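All remarks here apply to the structure that follows.
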Amino acid sequence: MSKNMKWIAAFLVLSGFILLREQTSLIHFNETGKDFGWWSLLPALITIVLCFLTREVISSLFLGIVLGGIISGHYNIIQYFLIPSIGSPKYGEILLVYLWSLGGLIGIWTRTGGAQYFAELAGRKIVRGPKSAKFFAFLLGILFHQGGTVSTILAGSTAKPITDAQGVSHEEVSYIIDSTASPVATLLPFNVWPIYIGGLVVGTSPLFANLDVSKTYLFKAIPFNFYAIFAILFTLLFSFEKLPWYGKKMKAAMDRVKATGKLDRDGAKPLMARELTTLQIPPDYRPSAWDFLLPIGVLLSVSIGPYILYGKLHVSEAFVLAVLTSIFLALFKGMRLKTIMEGFVDGCKGVTIGAIILGLAVTLGAVSKEIGTANFLIRTTSSLINPIFMPAIFLFVTMVIAFSTGTSWGTYAVVFPIAMPLAYAVNPDPFYNLLCFSAVTGGSVYGDQCSPISDTTILSSLATGTDLMDHVTTQLPLATVAAGIGAVLYTVLAIFVV
């Protein structure tokens, strides 16, 4: 199908929605909230299908938002969806801290040469080739396990100069970073996840009688969080190139970089613009490892140190202080302020595409919530569940919801209050309920990790300089196999308790 035919098909879909608009007046209400029937799936479904067909994410996201406006009856999508979403604290933090601060920091490094110098040093002292570079990226993902958004930015920005220097394709490193973000956060839940999930499940059944008990369930579920376990195992084996199968596109990326040295495929559109990958070091400036290590050290110590000491993250402050550290260090070493600020501005410009995509993704998430995408999926599947297959079906349903909405935490908020009472009503056995709990946890992480409209997927691509859809299509087969193995294990274990 040509590009023109794809856009004609998209236009026909939109026209059909306008003509059939009256049918959406039938709104379903149940305990999960409202939904618009099968229409609730269309915005996310059309967006995802167009992302894969056209590999053009911005227009696909915008079309999904338009369709959601038509279905919900809120035709003024700018006023009702775009402005509230882009003006939300969530997007403001992502834009100002993760995007501009990250982009500005990398932009300054293009003037100081710190990241490249560190990569060369690591190549001589720590890393001995592509495999050890990938393993180093894997270790960074394990270390920065505070959650998807934080992990992808911290690990990705640290690993990229090293993996680039060692000839690791961007598809490979983005998979490693993304697959050691949220999965690790659920296996090493020394973060805010237990508090959040505990608050969602408390009181949903006698097994979650109080908040203290509820908060411990994420720890109890660790041995049975099969998706996260196999995602991490696959990533470890992947870093050593010991997997028996990589998927066609990932294998092509691995073969390409070995044969040609090209970190991206021909025609790729990395989210990290050229401003962030071209060095412009002043002739009289002497780069050193400190240009990279000192800002990164401030970033890590301020973001993770307080959490270790008293359980609170200061990620926003950490990024700002890292940028300021990089600026003052460059000034101290004799670089002109104008040169530093030119690097900072180039860095901010270099993440503009990522900022636009994230803004539209956040907006589509608000659209999906408004039209009840998750509510519809739960309403239509809950009555079809066989007790033996319930954990596996919970896994599948949450995979679909999180993939369609681009959020694991939003999926938790919708599914946990329904899934846990349902599981207890079917079988009050504690182990059975633990399997169901683990399935919801893992399935939500899968969908968030793999969705092209998820902030962690976008930020993984941004931090590692990868084409977004290249990252999605190379990661999806490996993650799906891990989820499939998890579904089989849930079913086998459920047989013994049903």
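Chain identifiers are assigned as A, B, and so on, following the order in which chains appear in the structure tokens; residues are numbered from 1 within each chain, and ligands are numbered from 1 in order of appearance.
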Long-range neighbours of region 467-473 of chain A as a PyMOL selection string, 10 Å cut-off, only C-alpha atoms, 3 positions minimum in chain
chain A and resi 51-52+54-57+170-175+178+247-250+253+264-265+267-272+354+357+449-453+457-462+464+476-478
Contacts of Phe238 (chain A) at 9 Å (only C-alpha atoms; same-chain gap of 4+ positions) as a PyMOL selection string:
chain A and resi 131+134-135+172+176+233-234+242-243+246
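Using only C-alpha atoms, the nearest neighbour of Asn210 (chain A) within the list A:Gly198, A:Ile126, A:Thr466, A:Ile153 is A:Gly198.
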Residues near Arg124 (chain A), anyone? I mean within 12 Å using only C-alpha atoms, not counting same-chain ones fewer than 4 positions away, as a list in words.
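Counting only the stated atoms, we get Tyr117, Phe118, Ala119, Glu120, Arg128, Gly129, Ser132, Ala133, Ile162, Ala165 and Gln166 of chain A.
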Check: Quick one: of A:Val426, A:Leu200, A:Leu50, A:Ile65, who's nearest to Gly410 (chain A), counting only C-alpha atoms?
Finding: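 Of A:Val426, A:Leu200, A:Leu50, A:Ile65, the one nearest Gly410 (chain A), counting only C-alpha atoms, is A:Leu200.
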How close does region 54-128 of chain A get to region 317-333 of chain A? List, as JSON lines, each residue of region 54-128 of chain A within 7 Å, its nearest atom pair and the distance in Å to one decimal, counting only C-alpha atoms.
```
{"residue": "A:Val97", "atom": "CA", "partner": "A:Phe319", "partner_atom": "CA", "distance": 6.4}
{"residue": "A:Ser101", "atom": "CA", "partner": "A:Phe319", "partner_atom": "CA", "distance": 6.1}
{"residue": "A:Leu105", "atom": "CA", "partner": "A:Val323", "partner_atom": "CA", "distance": 5.4}
{"residue": "A:Thr112", "atom": "CA", "partner": "A:Ala330", "partner_atom": "CA", "distance": 7.0}
```
